[in-house]
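Asker: Please read through the structure below; I'll follow up with questions.
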Amino acid sequence: MCGRARCTVRVDAVGRACGFSAPLRSVNADRYQPSYNVAPGAHMPVVRHDGAGDAREPVVHCMRWGLVPNFAKKSEKPDFYRMFNARSESVHQKISFRRLLAKNRCLTTVEGFYEWKKDGQKKQPYYIHMQDGHPLVFAALYDTWESPEGDMLYTFTILTTRVSKRLEWLHDRMPVILKGQDTIDSWLNDNLSEDVMKKLTQPYEAPDLIWYPVTPAMGKPAFNGPECIEEIKPKVAGESNIAQMFGKQLAQENKSHVNKVMSQDIKDEDFLNDEDFKALLAGMQPDQDVSEAVSHSEYSSLDRLNTQATPKEEAPPLIKPETKEEDPPLIKPETKEEDPPLIKPETKEEDPPLIKPETKEDHVPQTNKEEDSATAGVKQKQSNLLGFFSKE
DNA sequence: CCAGACGTTGTT
DNA sequence: GTCTGG
DNA sequence: CCAGACGTTGTT
DNA sequence: GTCTGG
C-alpha cells in the first residue's frame, strides 16, 4: 500500500513529469507544501482534466490526499485516512470508487514512497524510488465534497495493486505506477476497457525501482526534511553483517543495468534539493537566489546506494524474513542500546515529571482554511462509455 | 419503503 | 449518489 | 501510514 | 487495545 511519500516535485514540473510538453495551468498551487514526508490530509499536486469539449485541458490541481467522497456527511469532519488508497482489483465494485472511474481519474507524482517492514517488534521504514531520481506517476481518482461553509474540497485516492515479485519481501501491496507515456495517457483519457485497466494496474516490475532503509524517525509526520530519505545501515535483526554485505554486493551488480525511464526531459531543477527545501522552510521562494545548488541532490545520494537496494529480478529475497527473528548475529555487534534483553530488567527508570516537559516539536503549518477559490466547480458532463464496469 | 453503509491496512 | 439490508 | 494519548475533580 | 491527530 502507500501511506507516506516524498512529494517535493515542483508544481511547474508536474506536467512534464506526466509527459506534457506545454506548461499546465495550476489550481491552488499555493496550498502545496513540498515535503519529504507527506501523509494523507496533505495537499499534493494532481493532474486532472478540466473542462469539456474544446475547453478540456489538463491542469495541475493541488488537492488533499485521502478521498472524501461527495456524499460524505457534512456534519462530521472529513476523514482523509479512510480512503487514501483504493484497490485496483476491486475499484469498480466499490460504491465509493466506481462512480469516479468514468470522469474523475487523475495522476499524482511523487519522487518516492515509504513502506514499513516489520522485523520482530521493530518496524523499519524503507524509501522506494526510481534509481535515477525521476518522479513516479501514480494512478489516482479524485472527488469533490462541499464543506458546510460551502467550500469545495478536492481530494484524491491512490490506486494500489499487489506487489511486484521484486518487492515481495518488503510488502504485499504497492501503488499503481504508470510507466511510459502511453500508460499515462491511457489512464487520463476517457477510454478504459477492462483489458486496458488490467494492463495499467500491473505491478511495476522493472529493476530501476529500488529501495533502502531510512531512519525510523521519519515515522513521525512532523519529521519531514531531506533526512527522511537518507539511507541508513539497517539495525535490523537478521539483516546485519553478512546479509548486509550480500546486499551491498548485489546492489553493485545491479548498478550495471540501470536504464533510463520515459523519454522525457526531466532536469535537476525540477526537484527541490536540500537548499531549496531549507529555503522554503525559511519562508523564501524556492526560485529566488538560493545558490545554484544542484550539487548533491538525487544523484549524489544515489552514489551512496548500497545495501540490498535492489534484489535481483527473480532471485528470492536475500533475507528470509521468517527465518531469523531471534537469530543472534554471528558476531555480536557493538552495544545496541535498543536491544531488548531476553528478560526485561526493570531498570526502566522513567520518572514521570509532574508536569510534562513541553514538547517543542512542531511548527506545523497552519490549518488550511479551504477558502473559496475562484476555481469554478467541475462541470461534469456525463458522457458515453463505461457499460464496462458492471461486472462482478 | 426507509436506514445505513460506502475503505484500506494488517494481525495471529 | 447508489447499493444492501430489513 | 505512524505517533501519541488514553482520566477525574475542582480551581483562579 | 483503541481512538485521535498529523
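Chain labels run A, B, ... following the order of the C-alpha cells; each chain numbers its residues from 1, and ligands are numbered from 1 in the order shown.
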Can you pull out the residues contacting DT4 in chain E? Cut-off 12 Å, using only C-alpha atoms (C1' of nucleotides), and skip same-chain residues under 3 positions away; I want them as a PyMOL selection string.
Answerer: (chain A and resi 79+81) or (chain D and resi 3-6)
Asker: With 8 Å as the limit and counting only C-alpha atoms (C1' of nucleotides), what residues in chain A lie close to chain C? Please list them as a compact mmCIF listing (two decimals) with N, CA and C atoms, in the first residue's frame.
Answerer:
```
# COMPACT_ATOMS: atom_id res chain seq x y z
N ASN A 70 -18.07 12.55 -2.30
CA ASN A 70 -19.09 13.56 -2.48
C ASN A 70 -20.24 13.44 -1.49
N PHE A 71 -20.56 12.21 -1.11
CA PHE A 71 -21.74 12.00 -0.27
C PHE A 71 -21.41 11.98 1.22
N ILE A 95 -18.66 0.90 -4.21
CA ILE A 95 -19.55 2.03 -4.44
C ILE A 95 -18.83 3.37 -4.42
```
Asker: Which chain A residues have any atom within 8 Å of an atom of chain B, and for each, what is the nearest pair of atoms with distance in Å to one decimal, counting only C-alpha atoms (C1' of nucleotides), rows sorted by chain and number, as JSON lines?
Answerer:
```
{"residue": "A:Met1", "atom": "CA", "partner": "B:DT9", "partner_atom": "C1'", "distance": 7.7}
{"residue": "A:Arg82", "atom": "CA", "partner": "B:DG7", "partner_atom": "C1'", "distance": 5.5}
{"residue": "A:Met83", "atom": "CA", "partner": "B:DG7", "partner_atom": "C1'", "distance": 5.1}
{"residue": "A:Phe84", "atom": "CA", "partner": "B:DT8", "partner_atom": "C1'", "distance": 7.5}
{"residue": "A:Asn85", "atom": "CA", "partner": "B:DT8", "partner_atom": "C1'", "distance": 6.2}
{"residue": "A:Ala86", "atom": "CA", "partner": "B:DT8", "partner_atom": "C1'", "distance": 7.2}
{"residue": "A:Lys94", "atom": "CA", "partner": "B:DC6", "partner_atom": "C1'", "distance": 7.8}
{"residue": "A:Ile95", "atom": "CA", "partner": "B:DC6", "partner_atom": "C1'", "distance": 6.0}
{"residue": "A:Ser96", "atom": "CA", "partner": "B:DC6", "partner_atom": "C1'", "distance": 5.6}
```
Asker: What does the structure give for the distance between CA of Arg87 in chain A and CA of Leu192 in chain A, in Å to one decimal?
Answerer: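 The value is 16.6 Å.
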Asker: Between CA of Leu209 in chain A and CA of Thr155 in chain A, what is the spacing in Å?
Answerer: 27.0 Å
Asker: Any idea what's packed within 8 Å of Leu100 in chain A, counting only C-alpha atoms (C1' of nucleotides), ignoring anything in its chain fewer than 6 positions away? Could you give it as an mmCIF file with all heavy atoms, in the first residue's frame?
Answerer:
```cif
data_model
loop_
_atom_site.group_PDB
_atom_site.id
_atom_site.type_symbol
_atom_site.label_atom_id
_atom_site.label_comp_id
_atom_site.auth_asym_id
_atom_site.auth_seq_id
_atom_site.Cartn_x
_atom_site.Cartn_y
_atom_site.Cartn_z
ATOM 1 N N LEU A 141 -7.733 8.645 -8.267
ATOM 2 C CA LEU A 141 -9.106 9.086 -8.506
ATOM 3 C C LEU A 141 -9.389 10.246 -7.574
ATOM 4 O O LEU A 141 -8.907 10.263 -6.446
ATOM 5 C CB LEU A 141 -10.095 7.950 -8.211
ATOM 6 C CG LEU A 141 -10.002 6.683 -9.059
ATOM 7 C CD1 LEU A 141 -10.849 5.568 -8.441
ATOM 8 C CD2 LEU A 141 -10.459 6.965 -10.489
ATOM 9 N N TYR A 142 -10.180 11.209 -8.063
ATOM 10 C CA TYR A 142 -10.489 12.331 -7.178
ATOM 11 C C TYR A 142 -11.993 12.525 -7.056
ATOM 12 O O TYR A 142 -12.774 11.998 -7.847
ATOM 13 C CB TYR A 142 -9.817 13.620 -7.668
ATOM 14 C CG TYR A 142 -10.429 14.209 -8.920
ATOM 15 C CD1 TYR A 142 -11.427 15.183 -8.835
ATOM 16 C CD2 TYR A 142 -10.007 13.804 -10.174
ATOM 17 C CE1 TYR A 142 -11.989 15.731 -9.972
ATOM 18 C CE2 TYR A 142 -10.565 14.340 -11.320
ATOM 19 C CZ TYR A 142 -11.559 15.312 -11.214
ATOM 20 O OH TYR A 142 -12.121 15.848 -12.339
ATOM 21 N N ASP A 143 -12.360 13.275 -6.050
ATOM 22 C CA ASP A 143 -13.773 13.592 -5.848
ATOM 23 C C ASP A 143 -13.855 14.976 -5.215
ATOM 24 O O ASP A 143 -12.839 15.542 -4.795
ATOM 25 C CB ASP A 143 -14.429 12.546 -4.934
ATOM 26 C CG ASP A 143 -15.948 12.470 -5.126
ATOM 27 O OD1 ASP A 143 -16.498 13.321 -5.846
ATOM 28 O OD2 ASP A 143 -16.572 11.561 -4.545
#
```
Asker: Quick check, in Å to one decimal: how far apart do CA of Gln33 in chain A and CA of Asp185 in chain A lie?
Answerer: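 Distance between the two atoms: 26.8 Å.
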Asker: Could you go through range 52-269 of chain A and tell me which residues DSSP, when run on the backbone, assigns to alpha helix (DSSP H), listing them as JSON, numbers by chain?
Answerer: {"A": [95, 96, 97, 98, 181, 182, 183, 184, 185, 186, 187, 188, 194, 195, 196, 197, 198, 199, 200, 242, 243, 244, 245, 246, 247, 248, 249, 250, 251, 252, 253, 254, 255]}
Asker: Could you write those residues out with N, CA and C atoms, as a JSON list (two decimals), in the first residue's frame?
Answerer:
```json
[["chain", "number", "residue", "atom", "x", "y", "z"],
["A", 95, "ILE", "N", -18.66, 0.90, -4.21],
["A", 95, "ILE", "CA", -19.55, 2.03, -4.44],
["A", 95, "ILE", "C", -18.83, 3.37, -4.42],
["A", 96, "SER", "N", -17.95, 3.51, -3.47],
["A", 96, "SER", "CA", -17.31, 4.82, -3.30],
["A", 96, "SER", "C", -16.38, 5.19, -4.43],
["A", 97, "PHE", "N", -15.86, 4.18, -5.10],
["A", 97, "PHE", "CA", -14.87, 4.45, -6.15],
["A", 97, "PHE", "C", -15.43, 4.32, -7.56],
["A", 98, "ARG", "N", -16.34, 3.41, -7.70],
["A", 98, "ARG", "CA", -16.84, 3.08, -9.03],
["A", 98, "ARG", "C", -17.30, 4.32, -9.79],
["A", 181, "GLN", "N", 4.54, 6.90, -21.53],
["A", 181, "GLN", "CA", 3.55, 7.89, -21.93],
["A", 181, "GLN", "C", 2.21, 7.27, -22.29],
["A", 182, "ASP", "N", 2.28, 6.15, -22.96],
["A", 182, "ASP", "CA", 1.03, 5.52, -23.40],
["A", 182, "ASP", "C", 0.17, 5.15, -22.21],
["A", 183, "THR", "N", 0.82, 4.65, -21.19],
["A", 183, "THR", "CA", 0.11, 4.24, -19.99],
["A", 183, "THR", "C", -0.52, 5.43, -19.29],
["A", 184, "ILE", "N", 0.25, 6.48, -19.20],
["A", 184, "ILE", "CA", -0.24, 7.69, -18.55],
["A", 184, "ILE", "C", -1.43, 8.27, -19.31],
["A", 185, "ASP", "N", -1.27, 8.38, -20.61],
["A", 185, "ASP", "CA", -2.35, 8.92, -21.44],
["A", 185, "ASP", "C", -3.59, 8.05, -21.34],
["A", 186, "SER", "N", -3.33, 6.79, -21.32],
["A", 186, "SER", "CA", -4.43, 5.85, -21.26],
["A", 186, "SER", "C", -5.26, 6.05, -19.99],
["A", 187, "TRP", "N", -4.57, 6.24, -18.90],
["A", 187, "TRP", "CA", -5.28, 6.42, -17.63],
["A", 187, "TRP", "C", -6.04, 7.74, -17.59],
["A", 188, "LEU", "N", -5.44, 8.74, -18.15],
["A", 188, "LEU", "CA", -6.01, 10.07, -18.05],
["A", 188, "LEU", "C", -7.16, 10.29, -19.03],
["A", 194, "GLU", "N", -11.83, -3.03, -19.86],
["A", 194, "GLU", "CA", -11.38, -3.94, -18.83],
["A", 194, "GLU", "C", -9.94, -4.36, -19.09],
["A", 195, "ASP", "N", -9.68, -4.62, -20.35],
["A", 195, "ASP", "CA", -8.33, -5.06, -20.71],
["A", 195, "ASP", "C", -7.30, -3.99, -20.41],
["A", 196, "VAL", "N", -7.62, -2.79, -20.83],
["A", 196, "VAL", "CA", -6.69, -1.69, -20.60],
["A", 196, "VAL", "C", -6.46, -1.51, -19.11],
["A", 197, "MET", "N", -7.56, -1.51, -18.41],
["A", 197, "MET", "CA", -7.48, -1.34, -16.96],
["A", 197, "MET", "C", -6.54, -2.37, -16.35],
["A", 198, "LYS", "N", -6.72, -3.59, -16.78],
["A", 198, "LYS", "CA", -5.91, -4.66, -16.23],
["A", 198, "LYS", "C", -4.43, -4.43, -16.54],
["A", 199, "LYS", "N", -4.21, -3.96, -17.72],
["A", 199, "LYS", "CA", -2.82, -3.73, -18.13],
["A", 199, "LYS", "C", -2.18, -2.59, -17.32],
["A", 200, "LEU", "N", -2.95, -1.55, -17.15],
["A", 200, "LEU", "CA", -2.42, -0.38, -16.45],
["A", 200, "LEU", "C", -2.07, -0.68, -14.99],
["A", 242, "ILE", "N", 26.62, -10.19, 7.55],
["A", 242, "ILE", "CA", 26.66, -10.95, 6.31],
["A", 242, "ILE", "C", 25.59, -10.52, 5.32],
["A", 243, "ALA", "N", 24.41, -10.45, 5.82],
["A", 243, "ALA", "CA", 23.31, -10.08, 4.93],
["A", 243, "ALA", "C", 23.57, -8.75, 4.27],
["A", 244, "GLN", "N", 24.07, -7.82, 5.06],
["A", 244, "GLN", "CA", 24.35, -6.50, 4.51],
["A", 244, "GLN", "C", 25.39, -6.56, 3.42],
["A", 245, "MET", "N", 26.42, -7.34, 3.69],
["A", 245, "MET", "CA", 27.48, -7.44, 2.68],
["A", 245, "MET", "C", 26.92, -8.00, 1.39],
["A", 246, "PHE", "N", 26.09, -8.98, 1.59],
["A", 246, "PHE", "CA", 25.45, -9.56, 0.42],
["A", 246, "PHE", "C", 24.70, -8.50, -0.36],
["A", 247, "GLY", "N", 23.90, -7.79, 0.38],
["A", 247, "GLY", "CA", 23.09, -6.76, -0.24],
["A", 247, "GLY", "C", 23.94, -5.75, -0.98],
["A", 248, "LYS", "N", 25.02, -5.40, -0.39],
["A", 248, "LYS", "CA", 25.90, -4.41, -0.98],
["A", 248, "LYS", "C", 26.41, -4.91, -2.30],
["A", 249, "GLN", "N", 26.84, -6.12, -2.25],
["A", 249, "GLN", "CA", 27.42, -6.71, -3.44],
["A", 249, "GLN", "C", 26.38, -6.76, -4.54],
["A", 250, "LEU", "N", 25.22, -7.18, -4.15],
["A", 250, "LEU", "CA", 24.17, -7.31, -5.13],
["A", 250, "LEU", "C", 23.82, -5.97, -5.75],
["A", 251, "ALA", "N", 23.76, -4.98, -4.90],
["A", 251, "ALA", "CA", 23.40, -3.67, -5.38],
["A", 251, "ALA", "C", 24.39, -3.21, -6.44],
["A", 252, "GLN", "N", 25.62, -3.54, -6.21],
["A", 252, "GLN", "CA", 26.63, -3.13, -7.17],
["A", 252, "GLN", "C", 26.43, -3.82, -8.49],
["A", 253, "GLU", "N", 26.17, -5.07, -8.43],
["A", 253, "GLU", "CA", 25.91, -5.79, -9.66],
["A", 253, "GLU", "C", 24.79, -5.13, -10.43],
["A", 254, "ASN", "N", 23.80, -4.82, -9.71],
["A", 254, "ASN", "CA", 22.63, -4.26, -10.36],
["A", 254, "ASN", "C", 22.87, -2.88, -10.95],
["A", 255, "LYS", "N", 23.83, -2.21, -10.44],
["A", 255, "LYS", "CA", 24.09, -0.89, -10.96],
["A", 255, "LYS", "C", 24.43, -0.94, -12.44]]
```
